[in-house]
Amino acid sequence: MDTAILIARLLLAAVFVVSGVAKLMDRPGSRKAVVEFGVPDSLAGPLAALLPWGELAIAASLIPSSSAWWGALAGGALLLLFITAIAVNLARGRAPDCHCFGQLANEAIGWSTIARNAALVAVAGFALSRGPGHHAISAIGWFGDLAGAERISLVIGLAALVLVGGALWLLLQIISQNGRLLARLDELEQRLAAAPGVAAAPELPKPAAPAAGLPMGTLAPSFALSGLFGETLTLDALRAAGKPVLLNFMDPGCGPCTALLPDVARWQQELAPRLTIALLSRGTIEENRGKTDAHGLTHVLLQADREVSDAYKSYGTPGAVLVLPNGTIGSPVAAGAEQIRALVARHSGTVAADPALPVLTQPLAHANGGTPCPNCGKVHDQAPAAAPQTDLSSVGKAAPALVLPDLAGKSVDLADYRGRETLLLFWNPGCGFCQKMLPDLIAWEADRPERAPALLIVSTGTSEANAAQGLLSTVLLDDGFNAGRGFGAGGTPSAVLVDAAGMVASGVGVGAQAVLALARGEGRPALPPSA
C-alpha cells in the first residue's frame, strides 16, 4: 500500500513538473490562456507568472515524506480549481486553448480535459488516503534502499524520458522558428519585387487551387431543420418550387454575416422568382431573431451546431453554396461576403458579365491559412497563403468618419487622432485567426517600435469579451461591422493606416502577417503610378 501511494505521489510530481516547466517556456501562451479563461487583465499577468512556480512547488513537496500529504492536498485542490474553470467555460459555450502543458499539448478544452484532471484528482485522493499523520515512504529514502542495478535502471529510464521530452520540445521550437523564417523570406521577396530596377524572377506555373466544397454535380446532402417559429423545413421543400436554392451559412456572432444580412434580404425579395435563398444558422432562436427580424428575412433555419455546414464542406461563415433544381451541387462553396455576392450575381443573371467579380473556382485563402472564418472561431487550416492587400484606390482620400463607443461607453472620434499616424485594426474576440495573432499583438504593444503608429482597435463582440483580450490600446465596439465595411475590410483580423492628416495611407492589410507589418511601419504598400 505504501509503495502504491509513493508511486501515486511520483506520478503527480512528474505531471506538475512537466506542466510547470512547459508553462515557464511558453509565457505568452500561458498569459493568453489565463485571459481567455476569463481572468481580469489586471490579474492575468501575475497569475500566469505565479502558476508554474506553484506547480513546481507542489511537485517538490510530494517528494519528502514530511510534506508529501500536504503536497497531494495542494495538488488535488489546484486540479479541482482547474476542473471548475474548465466546466464554467464549457457551460458558457467557450472553448479556449488549454495551454495546460505549454506548447507540448496546446489544444482547446473539452470534456476530455475534465476527465484527465479528474483522473489526476483521483490519484491525489489515493495519495491522501492514509491521512496526514501517516509516516509515508520518502522518495529519496526509497531510492537509497534500491540495489545498485535497480538504481541504474531507474536513472536510465528517467534520463530517457527527459531526452524524449527535450527532443519533442526542440522539434516544436524548430517548427516555430522555420515558420517565422519562411514568413520573413516571403516579406523579403515582396520587397525585392517592389524595388525599382529589380527584375522579377520568372514564376513557375502554379497548379490551380481545388474548388472548395463538394464536387459539382454530386447529390446535395439532405437535411431537415427547425425554423424560428417551430416549423420544419427540408431541402426537398426548398426545392419544391423548381428553382435553384442558395444555402447561406451564417452565425449570429459573426460580424461580416450581420453586415451581409441587408443584401440577403434584398436578394430574397428581388430574386424570388428565380432563386430561393435560405439561411442556415446556429445558436438560439432569440439570438437569430434579433439579427433577422429587422430585415424581414425568411427561410431562416437552425442547425444543432454545424452539421449541415460540415456536410457541405463549408468551414467558415459567411459561406454559401448553390443547389440546382435537380438536387445536385451547382457551385463551389463561396467563402466570404464578396464571393457570396459574386455567386448570387452569376447565378441570378444580374451582373454575370462583370469581370471584377472574383472567380469562384479559386477559393479565397486567408493569410493565416484556411477558409476565411472571421468570427465563428472554427478554423480548418489549409496551406498558408501570402497576406493580400486590397486595391489602393482609396489611398490619399479622406478616411471615412468613425465615431464609436469604447469599452466604458465613452464616444471616441477618429478625428481626435489627427496629428499622428493611426492604425485601425478590425478585430473580433471570437475570431480564430485573431486569437492566433493575439500573443504577437500583445508583444508588439509591450515593445512598441519607435516609428510605430497609434493603434485603434475596432472590434465586434461584447465589451466583456474584448476586455478579456488583455490589449492595452483603445478598443471601440462596432457590433454590425459597419466601420470595417466602410474602410473596405471584409473580415478579421485586418487593418488600414490613416495618416496624420486623416487620409487613408494604405490598402487594407488582411491577416496577421500584413497587420503586424503595418503596425511595425513596414507594410505600407507603394502608391499606384499616376495616370
# chains A, B, ... in the order shown; residues from 1 in each chain; ligands from 1
call {"tool": "residues_around", "arguments": {"residues": "A:Gly242", "least_positions_apart": "5", "cutoff": "12 Å", "atoms": "only C-alpha atoms", "output": "list in words"}}
result
Leu235, Asp236, Ala237, Ala272, Pro273, Arg274, Leu275, Thr276, Val323, Leu324, Pro325, Asn326 and Gly327 of chain A
call {"tool": "residues_around", "arguments": {"residues": "A:Ala500", "least_positions_apart": "4", "cutoff": "6 Å", "atoms": "only C-alpha atoms", "output": "JSON, numbers by chain"}}
result
{"A": [418, 419, 420, 421]}
call {"tool": "residues_around", "arguments": {"residues": "stretch 409-415 of chain A", "least_positions_apart": "4", "cutoff": "12 Å", "atoms": "only C-alpha atoms", "output": "ChimeraX atom specification"}}
result
/A:398-405,419-424,454-458,462-463,474-478,483,497-503
call {"tool": "write_last_selection", "arguments": {"atoms": "N, CA, C and O atoms", "output": "compact mmCIF listing (two decimals), in the first residue's frame"}}
result
# COMPACT_ATOMS: atom_id res chain seq x y z
N ALA A 398 -9.76 61.10 -48.06
CA ALA A 398 -10.11 61.30 -46.65
C ALA A 398 -10.69 60.01 -46.07
O ALA A 398 -11.51 59.33 -46.72
N ALA A 399 -10.27 59.66 -44.86
CA ALA A 399 -10.78 58.47 -44.21
C ALA A 399 -12.26 58.66 -43.88
O ALA A 399 -12.69 59.76 -43.52
N PRO A 400 -13.07 57.60 -44.00
CA PRO A 400 -14.48 57.72 -43.62
C PRO A 400 -14.62 58.14 -42.16
O PRO A 400 -13.77 57.83 -41.33
N ALA A 401 -15.70 58.85 -41.86
CA ALA A 401 -15.97 59.24 -40.48
C ALA A 401 -16.14 58.01 -39.61
O ALA A 401 -16.71 57.01 -40.04
N LEU A 402 -15.62 58.09 -38.39
CA LEU A 402 -15.71 56.94 -37.49
C LEU A 402 -15.90 57.47 -36.07
O LEU A 402 -15.00 58.11 -35.51
N VAL A 403 -17.07 57.26 -35.51
CA VAL A 403 -17.36 57.63 -34.13
C VAL A 403 -18.04 56.42 -33.48
O VAL A 403 -19.14 56.04 -33.87
N LEU A 404 -17.37 55.81 -32.48
CA LEU A 404 -17.87 54.60 -31.85
C LEU A 404 -17.61 54.65 -30.34
O LEU A 404 -16.71 55.35 -29.89
N PRO A 405 -18.36 53.87 -29.57
CA PRO A 405 -18.12 53.83 -28.11
C PRO A 405 -16.94 52.93 -27.78
O PRO A 405 -16.72 51.91 -28.46
N GLY A 419 -3.10 64.45 -36.40
CA GLY A 419 -1.80 64.89 -35.93
C GLY A 419 -0.84 63.74 -35.68
O GLY A 419 0.34 63.96 -35.42
N ARG A 420 -1.32 62.50 -35.76
CA ARG A 420 -0.43 61.34 -35.65
C ARG A 420 -0.98 60.21 -36.51
O ARG A 420 -2.19 60.09 -36.72
N GLU A 421 -0.08 59.43 -37.03
CA GLU A 421 -0.48 58.30 -37.87
C GLU A 421 -1.17 57.25 -37.00
O GLU A 421 -0.72 56.95 -35.88
N THR A 422 -2.28 56.71 -37.49
CA THR A 422 -3.09 55.78 -36.70
C THR A 422 -3.37 54.52 -37.51
O THR A 422 -3.70 54.59 -38.69
N LEU A 423 -3.21 53.39 -36.86
CA LEU A 423 -3.54 52.10 -37.48
C LEU A 423 -4.89 51.64 -36.94
O LEU A 423 -5.06 51.44 -35.73
N LEU A 424 -5.87 51.49 -37.83
CA LEU A 424 -7.18 50.93 -37.46
C LEU A 424 -7.11 49.42 -37.63
O LEU A 424 -6.88 48.92 -38.73
N ALA A 454 -0.06 54.99 -33.83
CA ALA A 454 -1.02 54.74 -32.74
C ALA A 454 -1.96 53.63 -33.19
O ALA A 454 -2.25 53.48 -34.38
N LEU A 455 -2.42 52.82 -32.25
CA LEU A 455 -3.29 51.69 -32.58
C LEU A 455 -4.69 51.95 -32.03
O LEU A 455 -4.86 52.23 -30.84
N LEU A 456 -5.69 51.84 -32.90
CA LEU A 456 -7.09 51.97 -32.52
C LEU A 456 -7.80 50.71 -32.99
O LEU A 456 -7.85 50.43 -34.19
N ILE A 457 -8.30 49.91 -32.04
CA ILE A 457 -8.89 48.62 -32.36
C ILE A 457 -10.40 48.77 -32.51
O ILE A 457 -11.08 49.25 -31.59
N VAL A 458 -10.93 48.37 -33.65
CA VAL A 458 -12.36 48.43 -33.93
C VAL A 458 -12.86 46.99 -33.93
O VAL A 458 -12.54 46.21 -34.82
N THR A 462 -18.82 41.59 -27.37
CA THR A 462 -19.22 42.33 -26.17
C THR A 462 -18.03 43.05 -25.56
O THR A 462 -16.87 42.72 -25.83
N SER A 463 -18.32 44.01 -24.70
CA SER A 463 -17.24 44.73 -24.02
C SER A 463 -16.47 43.78 -23.10
O SER A 463 -15.25 43.89 -22.96
N THR A 474 -6.76 51.37 -27.17
CA THR A 474 -8.19 51.69 -27.11
C THR A 474 -8.97 50.75 -28.01
O THR A 474 -8.61 50.53 -29.17
N VAL A 475 -10.06 50.19 -27.49
CA VAL A 475 -10.93 49.28 -28.25
C VAL A 475 -12.29 49.94 -28.42
O VAL A 475 -12.91 50.36 -27.44
N LEU A 476 -12.73 50.05 -29.67
CA LEU A 476 -14.06 50.60 -29.98
C LEU A 476 -14.98 49.46 -30.41
O LEU A 476 -14.53 48.52 -31.07
N LEU A 477 -16.24 49.55 -30.08
CA LEU A 477 -17.20 48.49 -30.36
C LEU A 477 -17.98 48.81 -31.63
O LEU A 477 -18.63 49.85 -31.72
N ASP A 478 -17.91 47.90 -32.61
CA ASP A 478 -18.59 48.06 -33.90
C ASP A 478 -19.40 46.79 -34.14
O ASP A 478 -18.98 45.90 -34.88
N ALA A 483 -18.21 49.87 -39.59
CA ALA A 483 -16.99 50.64 -39.79
C ALA A 483 -15.99 49.85 -40.62
O ALA A 483 -15.30 50.40 -41.48
N LEU A 497 -4.02 51.93 -42.51
CA LEU A 497 -3.35 53.09 -41.94
C LEU A 497 -4.08 54.38 -42.31
O LEU A 497 -4.52 54.54 -43.46
N VAL A 498 -4.18 55.28 -41.35
CA VAL A 498 -4.70 56.63 -41.59
C VAL A 498 -3.58 57.59 -41.18
O VAL A 498 -3.04 57.49 -40.07
N ASP A 499 -3.20 58.52 -42.09
CA ASP A 499 -2.06 59.38 -41.78
C ASP A 499 -2.46 60.53 -40.84
O ASP A 499 -3.62 60.65 -40.43
N ALA A 500 -1.49 61.36 -40.51
CA ALA A 500 -1.70 62.43 -39.53
C ALA A 500 -2.72 63.45 -40.00
O ALA A 500 -3.32 64.16 -39.19
N ALA A 501 -2.93 63.54 -41.33
CA ALA A 501 -3.90 64.49 -41.87
C ALA A 501 -5.29 63.89 -42.01
O ALA A 501 -6.20 64.55 -42.52
N GLY A 502 -5.47 62.63 -41.59
CA GLY A 502 -6.78 61.99 -41.69
C GLY A 502 -7.05 61.37 -43.03
O GLY A 502 -8.20 61.10 -43.37
N MET A 503 -5.98 61.11 -43.82
CA MET A 503 -6.13 60.49 -45.14
C MET A 503 -5.77 59.01 -45.06
O MET A 503 -4.89 58.61 -44.28
call {"tool": "closest_residue", "arguments": {"among": "A:Pro132, A:Gly290, A:Gly336, A:Gly507", "to": "A:Thr492", "atoms": "only C-alpha atoms"}}
result
A:Gly336
call {"tool": "select_by_dssp", "arguments": {"residues": "stretch 374-515 of chain A", "states": "strand (DSSP E)", "output": "short mmCIF file (atom, residue, chain, number, x, y, z; two decimals) with C-alpha atoms, in the first residue's frame"}}
result
data_model
loop_
_atom_site.label_atom_id
_atom_site.label_comp_id
_atom_site.auth_asym_id
_atom_site.auth_seq_id
_atom_site.Cartn_x
_atom_site.Cartn_y
_atom_site.Cartn_z
CA VAL A 403 -17.36 57.63 -34.13
CA LEU A 404 -17.87 54.60 -31.85
CA PRO A 405 -18.12 53.83 -28.11
CA SER A 411 -17.73 58.04 -27.56
CA VAL A 412 -14.41 58.18 -29.46
CA ASP A 413 -13.94 60.03 -32.77
CA THR A 422 -3.09 55.78 -36.70
CA LEU A 423 -3.54 52.10 -37.48
CA LEU A 424 -7.18 50.93 -37.46
CA LEU A 425 -7.27 47.24 -36.55
CA PHE A 426 -10.54 45.43 -37.34
CA TRP A 427 -10.90 42.66 -34.75
CA ALA A 454 -1.02 54.74 -32.74
CA LEU A 455 -3.29 51.69 -32.58
CA LEU A 456 -7.09 51.97 -32.52
CA ILE A 457 -8.89 48.62 -32.36
CA VAL A 458 -12.36 48.43 -33.93
CA SER A 459 -13.96 45.22 -32.68
CA THR A 474 -8.19 51.69 -27.11
CA VAL A 475 -10.93 49.28 -28.25
CA LEU A 476 -14.06 50.60 -29.98
CA LEU A 477 -17.20 48.49 -30.36
CA SER A 494 -7.38 43.27 -40.97
CA ALA A 495 -6.03 46.82 -40.73
CA VAL A 496 -5.61 50.10 -42.58
CA LEU A 497 -3.35 53.09 -41.94
CA VAL A 498 -4.70 56.63 -41.59
CA GLY A 509 -3.85 44.53 -44.85
CA VAL A 510 -5.53 41.16 -44.31
#
call {"tool": "residues_around", "arguments": {"residues": "A:Gly76", "least_positions_apart": "4", "cutoff": "7 Å", "atoms": "only C-alpha atoms", "output": "list in words"}}
result
Ala72, Leu80, Val121 and Ala124 of chain A
call {"tool": "atom_distance", "arguments": {"atom1": "atom CA of A:Ile156", "atom2": "atom CA of A:Val18"}}
result
18.3 Å
call {"tool": "decode", "arguments": {"residues": "stretch 235-248 of chain A", "atoms": "C-alpha atoms", "output": "CSV table (one decimal), in the first residue's frame"}}
result
chain,number,residue,atom,x,y,z
A,235,LEU,CA,-34.0,20.6,-48.6
A,236,ASP,CA,-36.7,18.9,-50.7
A,237,ALA,CA,-39.3,21.5,-49.5
A,238,LEU,CA,-36.9,24.4,-50.5
A,239,ARG,CA,-36.5,22.8,-54.0
A,240,ALA,CA,-40.2,22.2,-54.4
A,241,ALA,CA,-40.7,25.4,-56.5
A,242,GLY,CA,-38.3,24.1,-59.2
A,243,LYS,CA,-35.8,26.9,-58.7
A,244,PRO,CA,-32.1,26.8,-57.6
A,245,VAL,CA,-31.6,27.1,-53.9
A,246,LEU,CA,-28.8,29.2,-52.3
A,247,LEU,CA,-27.8,27.8,-48.9
A,248,ASN,CA,-26.3,30.7,-47.0
